[in-house]
Amino acid sequence: MKLREIASDLGLELLSGSLDTEISGGYTSDLLSDVMAHAEDGAALITIQAHTNTVAVASHADLPAIIVCNERPIPEDMLLAAEENRISICRTALTQFEASGKLFARL
Amino acid sequence: MSTLPILDDESPAFVTEIIYRLRIKDAMTRALHTGQTTDTLRTLQLLMREHKITGVPIVEKGRLLGMISMDDVIRALDDGYIDENAGDHMSRRLIVLEDDMPLSFGISYMEKYRFGRFPVLSKEKELVGIITSRDILVALLMEFNKEAEAREAAETAVRTEGSFYREYHVRKFDFEQAGKPTGDIKVELKQLGLPSKFIRRVAVACYELEMNQVVHSAGGIISGSITPTEIEIVATDRGPGIPNLEDALTEGYSTATEWVRSLGFGAGMGLPNARRAADEFEITSSESGTRVSCRFRIPEDQDETA
């Protein structure tokens, strides 16, 4: 599924990358080690951790997209890292619970 | 007129090379807060306070007409003309820099004219930025850092037919640089055409070991060695050591501080994750340091399911 297909449902604001990014599922967590241990590759990471290390983790765990919830501010260096690592970053005002539920329902 | 000793022939070659290689535009601030001649000095004072700046260029249609500095504002407050227009009180005889000039000009101008900031113009004489001594300092530090890192890397990377070895220095609490070793090793493994699940296992272990050094150690070295049959990631640090290895290898056990946890680290999963990812895992620790080795056997058939 492309991010575009869930963009309006989740109120996604694209900050880096493309809405054409393919995702095959989702993983919701703020513990980055937990993400590396358990997220399936291809999933979108639903989190409130908005910093460069989140991008590194997404990259190492082969997660093509990060959805930052609660409209958390995204630092500039995170967007730069995302561009370098070709990870798409979207932001939403939804909580992690709401965003996860909506994504789950669409899979 | 005194000049800085770094601007003469006595400087090491790489310092002079850097201050001539970098341009004013590499160091200047592009986000400009400007005023107009019809703005009152009070308006500009508020602008300075709001953006924490010490000088405001006065412009008209992209052309620089003058500057109002914090000094001008203080004088206006002293002499009671703070509500008058900038156009009547700005300095009009300005020393400017051009964006294509080498940074060495910025340094010598700071020395020569003792202004806190210089407006920067493009070749077309449009105002494109402003440069302060802080901007210059930051640009130089970043460039020195890059240069030093490149030199270190050149010293510690060994590439021979079919194999590769490289060491990286990891600094305590340097969350910004963390991830570089893992990123580089991933690039190497991708070039070898290894399966992505295998690469992920190596990357996860390497990143966990790196973050462990960043969070817990006094600093250390991560090395990656790639041979045709095996990959080994070794993390060696300078202490303080892990008092109880069994605890450290228990999932959920953590000694990380609150602020480290708020970044999403220190969940007590680092070493367990690295151990799970690796084919062989070894750890030794004493007060003088911890050494962790993760080995990965390169899969023979290319569709490993990990």
# chains A, B, ... in the order shown; residues from 1 in each chain; ligands from 1

$ residues_around --residues "Glu230 of chain B" --least-positions-apart "2" --cutoff "6 Å" --atoms "only C-alpha atoms" --output "list in words"
Thr227, Phe296, Arg297 and Ile298 of chain B

$ write_last_selection --atoms "C-alpha atoms" --output "mmCIF file, in the first residue's frame"
data_model
loop_
_atom_site.group_PDB
_atom_site.id
_atom_site.type_symbol
_atom_site.label_atom_id
_atom_site.label_comp_id
_atom_site.auth_asym_id
_atom_site.auth_seq_id
_atom_site.Cartn_x
_atom_site.Cartn_y
_atom_site.Cartn_z
ATOM 1 C CA THR B 227 35.867 -11.375 4.956
ATOM 2 C CA PHE B 296 27.914 -13.376 11.454
ATOM 3 C CA ARG B 297 28.440 -16.218 9.014
ATOM 4 C CA ILE B 298 27.789 -15.059 5.503
#

$ closest_atom_pairs --of "chain A" --to "chain B" --cutoff "6 Å" --atoms "only C-alpha atoms" --output "JSON lines"
{"residue": "A:Asp30", "atom": "CA", "partner": "B:Gly264", "partner_atom": "CA", "distance": 5.6}
{"residue": "A:Leu31", "atom": "CA", "partner": "B:Gly264", "partner_atom": "CA", "distance": 4.5}
{"residue": "A:Leu32", "atom": "CA", "partner": "B:Gly264", "partner_atom": "CA", "distance": 5.3}
{"residue": "A:Ser33", "atom": "CA", "partner": "B:Met269", "partner_atom": "CA", "distance": 5.9}
{"residue": "A:His60", "atom": "CA", "partner": "B:Ala203", "partner_atom": "CA", "distance": 5.6}
{"residue": "A:Ala61", "atom": "CA", "partner": "B:Arg200", "partner_atom": "CA", "distance": 5.9}

$ write_last_selection --atoms "N, CA, C and O atoms" --output "PDB file, in the first residue's frame"
ATOM      1  N   ASP A  30       8.008   3.572  20.836  1.00  0.00           N
ATOM      2  CA  ASP A  30       8.943   4.673  21.055  1.00  0.00           C
ATOM      3  C   ASP A  30      10.283   4.167  21.566  1.00  0.00           C
ATOM      4  O   ASP A  30      11.193   4.953  21.803  1.00  0.00           O
ATOM      5  N   LEU A  31      10.362   2.881  21.760  1.00  0.00           N
ATOM      6  CA  LEU A  31      11.638   2.292  22.182  1.00  0.00           C
ATOM      7  C   LEU A  31      12.364   1.810  20.942  1.00  0.00           C
ATOM      8  O   LEU A  31      11.917   0.889  20.270  1.00  0.00           O
ATOM      9  N   LEU A  32      13.490   2.454  20.665  1.00  0.00           N
ATOM     10  CA  LEU A  32      14.119   2.203  19.373  1.00  0.00           C
ATOM     11  C   LEU A  32      14.709   0.793  19.287  1.00  0.00           C
ATOM     12  O   LEU A  32      14.712   0.181  18.224  1.00  0.00           O
ATOM     13  N   SER A  33      15.182   0.259  20.404  1.00  0.00           N
ATOM     14  CA  SER A  33      15.684  -1.117  20.389  1.00  0.00           C
ATOM     15  C   SER A  33      14.550  -2.099  20.123  1.00  0.00           C
ATOM     16  O   SER A  33      14.731  -3.114  19.454  1.00  0.00           O
ATOM     17  N   HIS A  60      18.061   1.002   9.513  1.00  0.00           N
ATOM     18  CA  HIS A  60      18.660  -0.301   9.814  1.00  0.00           C
ATOM     19  C   HIS A  60      17.624  -1.409   9.831  1.00  0.00           C
ATOM     20  O   HIS A  60      17.923  -2.561   9.533  1.00  0.00           O
ATOM     21  N   ALA A  61      16.389  -1.073  10.203  1.00  0.00           N
ATOM     22  CA  ALA A  61      15.347  -2.102  10.279  1.00  0.00           C
ATOM     23  C   ALA A  61      14.538  -2.171   8.979  1.00  0.00           C
ATOM     24  O   ALA A  61      13.502  -2.828   8.937  1.00  0.00           O
TER      25      ALA A  61
END

$ closest_residue --among "B:Ala76, B:Ile107, B:Ile221, B:Ile226" --to "Tyr168 of chain B" --atoms "only C-alpha atoms"
B:Ile221

$ select_by_dssp --residues "segment 70-185 of chain B" --states "helix (DSSP H, G or I)" --output "ChimeraX atom specification"
/B:70-79,86-88,103-113,133-156,180-185

$ write_last_selection --atoms "C-alpha atoms" --output "mmCIF file, in the first residue's frame"
data_model
loop_
_atom_site.group_PDB
_atom_site.id
_atom_site.type_symbol
_atom_site.label_atom_id
_atom_site.label_comp_id
_atom_site.auth_asym_id
_atom_site.auth_seq_id
_atom_site.Cartn_x
_atom_site.Cartn_y
_atom_site.Cartn_z
ATOM 1 C CA MET B 70 22.847 46.989 19.186
ATOM 2 C CA ASP B 71 25.231 49.884 19.892
ATOM 3 C CA ASP B 72 23.062 52.211 17.799
ATOM 4 C CA VAL B 73 20.029 51.122 19.777
ATOM 5 C CA ILE B 74 21.756 51.692 23.120
ATOM 6 C CA ARG B 75 22.851 55.159 22.033
ATOM 7 C CA ALA B 76 19.299 55.932 20.921
ATOM 8 C CA LEU B 77 17.938 54.846 24.286
ATOM 9 C CA ASP B 78 20.558 56.974 26.065
ATOM 10 C CA ASP B 79 19.914 60.068 23.997
ATOM 11 C CA ALA B 86 16.249 53.888 11.267
ATOM 12 C CA GLY B 87 16.977 55.773 8.049
ATOM 13 C CA ASP B 88 18.087 58.814 10.018
ATOM 14 C CA LEU B 103 36.526 32.597 4.537
ATOM 15 C CA SER B 104 40.006 33.975 5.255
ATOM 16 C CA PHE B 105 38.603 37.401 4.283
ATOM 17 C CA GLY B 106 35.922 37.070 6.945
ATOM 18 C CA ILE B 107 38.557 36.260 9.533
ATOM 19 C CA SER B 108 40.840 39.139 8.591
ATOM 20 C CA TYR B 109 37.918 41.606 8.399
ATOM 21 C CA MET B 110 36.840 40.633 11.914
ATOM 22 C CA GLU B 111 40.386 41.371 13.049
ATOM 23 C CA LYS B 112 40.764 44.562 11.038
ATOM 24 C CA TYR B 113 37.447 46.318 11.561
ATOM 25 C CA SER B 133 32.453 35.635 14.355
ATOM 26 C CA ARG B 134 30.297 32.857 15.763
ATOM 27 C CA ASP B 135 29.317 31.745 12.249
ATOM 28 C CA ILE B 136 32.982 31.609 11.291
ATOM 29 C CA LEU B 137 33.920 29.686 14.409
ATOM 30 C CA VAL B 138 31.168 27.118 13.856
ATOM 31 C CA ALA B 139 32.046 26.644 10.185
ATOM 32 C CA LEU B 140 35.727 26.179 11.015
ATOM 33 C CA LEU B 141 35.078 23.722 13.832
ATOM 34 C CA MET B 142 32.804 21.651 11.616
ATOM 35 C CA GLU B 143 35.298 21.625 8.792
ATOM 36 C CA PHE B 144 38.253 20.787 11.070
ATOM 37 C CA ASN B 145 36.181 17.986 12.473
ATOM 38 C CA LYS B 146 35.387 16.620 9.018
ATOM 39 C CA GLU B 147 39.008 16.890 7.991
ATOM 40 C CA ALA B 148 40.255 15.156 11.139
ATOM 41 C CA GLU B 149 37.703 12.397 10.721
ATOM 42 C CA ALA B 150 38.686 11.819 7.125
ATOM 43 C CA ARG B 151 42.329 11.592 8.218
ATOM 44 C CA GLU B 152 41.516 9.156 11.006
ATOM 45 C CA ALA B 153 39.435 7.080 8.611
ATOM 46 C CA ALA B 154 42.222 6.936 6.096
ATOM 47 C CA GLU B 155 44.512 5.673 8.845
ATOM 48 C CA THR B 156 42.198 2.994 10.147
ATOM 49 C CA LYS B 180 28.077 6.305 11.107
ATOM 50 C CA PRO B 181 29.859 2.946 11.597
ATOM 51 C CA THR B 182 26.625 1.052 11.043
ATOM 52 C CA GLY B 183 25.774 3.135 7.994
ATOM 53 C CA ASP B 184 29.186 2.540 6.425
ATOM 54 C CA ILE B 185 29.199 -1.183 7.126
#

$ residues_around --residues "Thr47 of chain A" --least-positions-apart "5" --cutoff "9 Å" --atoms "only C-alpha atoms" --output "list of chain:residue names"
A:Tyr27, A:Thr28, A:Ser29, A:Asp30, A:Leu31, A:Thr54, A:Ile66, A:Ile67, A:Val68, A:Cys69, A:Gln96

$ write_last_selection --atoms "N, CA, C and O atoms" --output "short mmCIF file (atom, residue, chain, number, x, y, z; two decimals), in the first residue's frame"
data_model
loop_
_atom_site.label_atom_id
_atom_site.label_comp_id
_atom_site.auth_asym_id
_atom_site.auth_seq_id
_atom_site.Cartn_x
_atom_site.Cartn_y
_atom_site.Cartn_z
N TYR A 27 4.34 -0.48 12.66
CA TYR A 27 4.85 -0.89 13.96
C TYR A 27 4.85 0.34 14.85
O TYR A 27 5.35 1.39 14.47
N THR A 28 4.25 0.20 16.03
CA THR A 28 4.09 1.35 16.90
C THR A 28 4.95 1.20 18.14
O THR A 28 4.75 0.25 18.90
N SER A 29 5.91 2.09 18.31
CA SER A 29 6.76 2.01 19.49
C SER A 29 7.61 3.26 19.60
O SER A 29 7.91 3.91 18.60
N ASP A 30 8.01 3.57 20.84
CA ASP A 30 8.94 4.67 21.05
C ASP A 30 10.28 4.17 21.57
O ASP A 30 11.19 4.95 21.80
N LEU A 31 10.36 2.88 21.76
CA LEU A 31 11.64 2.29 22.18
C LEU A 31 12.36 1.81 20.94
O LEU A 31 11.92 0.89 20.27
N THR A 54 16.01 8.15 15.23
CA THR A 54 14.83 7.42 14.74
C THR A 54 15.01 7.05 13.28
O THR A 54 14.65 5.96 12.84
N ILE A 66 8.29 6.89 8.43
CA ILE A 66 8.08 7.20 9.86
C ILE A 66 6.87 8.12 9.95
O ILE A 66 6.81 9.13 9.24
N ILE A 67 5.92 7.76 10.79
CA ILE A 67 4.77 8.63 11.02
C ILE A 67 4.90 9.18 12.44
O ILE A 67 4.86 8.43 13.42
N VAL A 68 5.14 10.48 12.54
CA VAL A 68 5.31 11.12 13.84
C VAL A 68 3.96 11.64 14.32
O VAL A 68 3.31 12.41 13.62
N CYS A 69 3.54 11.19 15.50
CA CYS A 69 2.20 11.51 16.00
C CYS A 69 2.19 12.74 16.90
O CYS A 69 3.23 13.29 17.24
N GLN A 96 -0.81 8.08 18.76
CA GLN A 96 -0.28 6.83 18.22
C GLN A 96 -1.37 5.76 18.18
O GLN A 96 -1.45 4.97 17.24
#

$ atom_distance --atom1 "atom CA of Met36 of chain A" --atom2 "atom CA of Arg106 of chain A"
23.9 Å

$ residues_around --residues "Pro75 of chain A" --least-positions-apart "3" --cutoff "10 Å" --atoms "only C-alpha atoms" --output "list of chain:residue names"
A:Ala50, A:His51, A:Thr52, A:Arg72, A:Met78, A:Leu79, A:Leu80

$ write_last_selection --atoms "C-alpha atoms" --output "tab-separated table (two decimals), in the first residue's frame"
chain	number	residue	atom	x	y	z
A	50	ALA	CA	11.36	12.70	16.37
A	51	HIS	CA	15.15	12.88	16.05
A	52	THR	CA	17.95	11.67	13.79
A	72	ARG	CA	5.49	16.68	17.47
A	78	MET	CA	16.07	14.65	11.17
A	79	LEU	CA	14.67	15.68	7.79
A	80	LEU	CA	18.16	15.87	6.33

$ residues_around --residues "segment 239-243 of chain B" --least-positions-apart "5" --cutoff "10 Å" --atoms "only C-alpha atoms" --output "list in words"
Gln213, His216, Ser217, Ala218, Gly219, Gly220, Ala248, Thr284, Ser285, Ser286, Glu287, Ser288, Gly289, Thr290 and Arg291 of chain B

$ residues_around --residues "Thr95 of chain A" --least-positions-apart "3" --cutoff "9 Å" --atoms "only C-alpha atoms" --output "ChimeraX atom specification"
/A:48,69-71,92,98-100

$ write_last_selection --atoms "N, CA, C and O atoms" --output "PDB file, in the first residue's frame"
ATOM      1  N   ILE A  48       6.519   8.768  18.531  1.00  0.00           N
ATOM      2  CA  ILE A  48       6.655  10.197  18.842  1.00  0.00           C
ATOM      3  C   ILE A  48       8.140  10.559  19.007  1.00  0.00           C
ATOM      4  O   ILE A  48       8.467  11.667  19.394  1.00  0.00           O
ATOM      5  N   CYS A  69       3.540  11.187  15.504  1.00  0.00           N
ATOM      6  CA  CYS A  69       2.199  11.508  15.999  1.00  0.00           C
ATOM      7  C   CYS A  69       2.187  12.740  16.903  1.00  0.00           C
ATOM      8  O   CYS A  69       3.234  13.293  17.239  1.00  0.00           O
ATOM      9  N   ASN A  70       0.986  13.121  17.288  1.00  0.00           N
ATOM     10  CA  ASN A  70       0.761  14.244  18.217  1.00  0.00           C
ATOM     11  C   ASN A  70       1.369  15.551  17.719  1.00  0.00           C
ATOM     12  O   ASN A  70       1.706  16.405  18.531  1.00  0.00           O
ATOM     13  N   GLU A  71       1.529  15.644  16.394  1.00  0.00           N
ATOM     14  CA  GLU A  71       2.074  16.872  15.809  1.00  0.00           C
ATOM     15  C   GLU A  71       3.368  17.306  16.490  1.00  0.00           C
ATOM     16  O   GLU A  71       3.607  18.498  16.715  1.00  0.00           O
ATOM     17  N   THR A  92       1.360  13.714  11.886  1.00  0.00           N
ATOM     18  CA  THR A  92      -0.083  13.773  12.041  1.00  0.00           C
ATOM     19  C   THR A  92      -0.419  14.320  13.423  1.00  0.00           C
ATOM     20  O   THR A  92       0.384  14.218  14.350  1.00  0.00           O
ATOM     21  N   GLU A  98      -4.644   6.258  17.784  1.00  0.00           N
ATOM     22  CA  GLU A  98      -5.564   6.526  16.674  1.00  0.00           C
ATOM     23  C   GLU A  98      -4.926   6.200  15.326  1.00  0.00           C
ATOM     24  O   GLU A  98      -5.536   5.566  14.464  1.00  0.00           O
ATOM     25  N   ALA A  99      -3.679   6.648  15.164  1.00  0.00           N
ATOM     26  CA  ALA A  99      -3.004   6.418  13.878  1.00  0.00           C
ATOM     27  C   ALA A  99      -2.841   4.916  13.622  1.00  0.00           C
ATOM     28  O   ALA A  99      -3.091   4.432  12.513  1.00  0.00           O
ATOM     29  N   SER A 100      -2.440   4.174  14.662  1.00  0.00           N
ATOM     30  CA  SER A 100      -2.255   2.734  14.505  1.00  0.00           C
ATOM     31  C   SER A 100      -3.575   2.068  14.134  1.00  0.00           C
ATOM     32  O   SER A 100      -3.640   1.216  13.251  1.00  0.00           O
TER      33      SER A 100
END

$ closest_residue --among "B:Asn244, B:Ser223, B:Thr229, B:Thr132" --to "Leu194 of chain B" --atoms "only C-alpha atoms"
B:Thr229

$ residues_around --residues "segment 4-12 of chain A" --least-positions-apart "2" --cutoff "6 Å" --atoms "only C-alpha atoms" --output "ChimeraX atom specification"
/A:2,19,90-92

$ select_by_dssp --residues "segment 19-196 of chain B" --states "strand (DSSP E or B)" --output "VMD selection string"
chain B and resid 23 29 35 40 55 to 60 63 to 69 85 91 97 to 98 102 117 to 121 127 to 132 158 to 160 163 to 170

$ write_last_selection --atoms "N, CA and C atoms" --output "compact mmCIF listing (two decimals), in the first residue's frame"
# COMPACT_ATOMS: atom_id res chain seq x y z
N ARG B 23 34.11 29.15 1.60
CA ARG B 23 33.71 30.49 1.14
C ARG B 23 32.88 31.15 2.24
N THR B 29 24.99 33.19 7.78
CA THR B 29 23.60 32.89 8.07
C THR B 29 22.75 33.46 6.93
N GLY B 35 15.34 45.32 8.24
CA GLY B 35 14.42 46.41 8.51
C GLY B 35 14.41 47.38 7.34
N THR B 40 11.04 52.31 13.08
CA THR B 40 11.65 53.03 14.20
C THR B 40 12.74 52.16 14.81
N GLY B 55 22.46 42.86 15.18
CA GLY B 55 22.49 43.89 14.15
C GLY B 55 21.44 43.63 13.10
N VAL B 56 20.86 44.69 12.55
CA VAL B 56 19.82 44.52 11.53
C VAL B 56 20.21 45.30 10.28
N PRO B 57 20.32 44.61 9.13
CA PRO B 57 20.56 45.34 7.89
C PRO B 57 19.28 46.09 7.47
N ILE B 58 19.48 47.29 6.98
CA ILE B 58 18.34 48.06 6.48
C ILE B 58 18.37 47.94 4.95
N VAL B 59 17.28 47.44 4.37
CA VAL B 59 17.29 47.16 2.94
C VAL B 59 16.10 47.79 2.23
N GLU B 60 16.28 47.92 0.92
CA GLU B 60 15.17 48.35 0.07
C GLU B 60 15.30 47.57 -1.22
N ARG B 63 18.44 45.67 -1.86
CA ARG B 63 19.69 46.44 -1.76
C ARG B 63 19.96 46.83 -0.32
N LEU B 64 21.19 46.72 0.06
CA LEU B 64 21.58 47.09 1.42
C LEU B 64 21.83 48.59 1.49
N LEU B 65 21.11 49.27 2.42
CA LEU B 65 21.30 50.71 2.55
C LEU B 65 22.11 51.08 3.78
N GLY B 66 21.99 50.27 4.83
CA GLY B 66 22.71 50.60 6.06
C GLY B 66 22.55 49.51 7.09
N MET B 67 23.09 49.76 8.29
CA MET B 67 22.97 48.79 9.38
C MET B 67 22.58 49.52 10.65
N ILE B 68 21.76 48.86 11.44
CA ILE B 68 21.53 49.32 12.81
C ILE B 68 22.05 48.23 13.73
N SER B 69 22.97 48.60 14.62
CA SER B 69 23.53 47.60 15.53
C SER B 69 22.96 47.83 16.92
N ASN B 85 13.23 57.24 13.10
CA ASN B 85 13.40 56.24 12.03
C ASN B 85 14.84 55.76 11.88
N SER B 91 24.18 53.35 10.20
CA SER B 91 25.49 53.56 9.61
C SER B 91 25.37 53.26 8.12
N LEU B 97 31.14 42.01 2.84
CA LEU B 97 31.88 40.89 2.26
C LEU B 97 31.09 40.36 1.08
N GLU B 98 31.77 39.69 0.16
CA GLU B 98 31.05 39.07 -0.94
C GLU B 98 30.98 37.57 -0.70
N PRO B 102 36.89 33.87 -0.10
CA PRO B 102 37.30 32.82 0.84
C PRO B 102 37.02 33.27 2.28
N ARG B 117 29.62 41.95 13.07
CA ARG B 117 28.98 41.23 11.96
C ARG B 117 29.23 41.99 10.66
N PHE B 118 29.21 41.25 9.58
CA PHE B 118 29.35 41.89 8.28
C PHE B 118 28.21 41.43 7.38
N PRO B 119 27.59 42.38 6.67
CA PRO B 119 26.60 41.96 5.68
C PRO B 119 27.33 41.30 4.51
N VAL B 120 26.67 40.34 3.88
CA VAL B 120 27.28 39.64 2.75
C VAL B 120 26.44 39.90 1.50
N LEU B 121 27.12 40.34 0.44
CA LEU B 121 26.43 40.63 -0.81
C LEU B 121 26.80 39.59 -1.87
N LEU B 127 21.79 41.73 -1.00
CA LEU B 127 22.10 41.22 0.33
C LEU B 127 21.66 39.76 0.41
N VAL B 128 22.60 38.84 0.66
CA VAL B 128 22.25 37.42 0.69
C VAL B 128 22.49 36.77 2.05
N GLY B 129 23.17 37.49 2.96
CA GLY B 129 23.42 36.87 4.26
C GLY B 129 24.11 37.82 5.19
N ILE B 130 24.41 37.30 6.37
CA ILE B 130 25.13 38.09 7.35
C ILE B 130 26.09 37.13 8.04
N ILE B 131 27.26 37.61 8.40
CA ILE B 131 28.22 36.68 9.00
C ILE B 131 28.78 37.27 10.28
N THR B 132 28.81 36.47 11.35
CA THR B 132 29.34 36.89 12.64
C THR B 132 30.56 36.04 12.96
N VAL B 158 41.38 -0.54 6.16
CA VAL B 158 42.26 -1.41 5.39
C VAL B 158 41.40 -2.21 4.43
N ARG B 159 41.67 -2.08 3.15
CA ARG B 159 40.89 -2.83 2.18
C ARG B 159 41.86 -3.70 1.38
N THR B 160 41.61 -4.99 1.42
CA THR B 160 42.42 -5.88 0.58
C THR B 160 41.44 -6.70 -0.24
N SER B 163 38.36 -8.44 1.30
CA SER B 163 38.06 -8.17 2.70
C SER B 163 38.26 -6.70 3.04
N PHE B 164 37.73 -6.33 4.19
CA PHE B 164 37.66 -4.92 4.55
C PHE B 164 37.70 -4.82 6.06
N TYR B 165 38.47 -3.86 6.56
CA TYR B 165 38.50 -3.63 8.01
C TYR B 165 38.51 -2.15 8.28
N ARG B 166 37.67 -1.73 9.22
CA ARG B 166 37.70 -0.32 9.56
C ARG B 166 37.32 -0.09 11.02
N GLU B 167 37.97 0.91 11.61
CA GLU B 167 37.67 1.28 13.00
C GLU B 167 37.04 2.66 13.07
N TYR B 168 36.15 2.81 14.04
CA TYR B 168 35.51 4.10 14.25
C TYR B 168 35.60 4.48 15.72
N HIS B 169 35.84 5.77 15.97
CA HIS B 169 35.82 6.24 17.35
C HIS B 169 34.41 6.66 17.72
N VAL B 170 33.98 6.20 18.87
CA VAL B 170 32.64 6.58 19.35
C VAL B 170 32.82 7.39 20.62
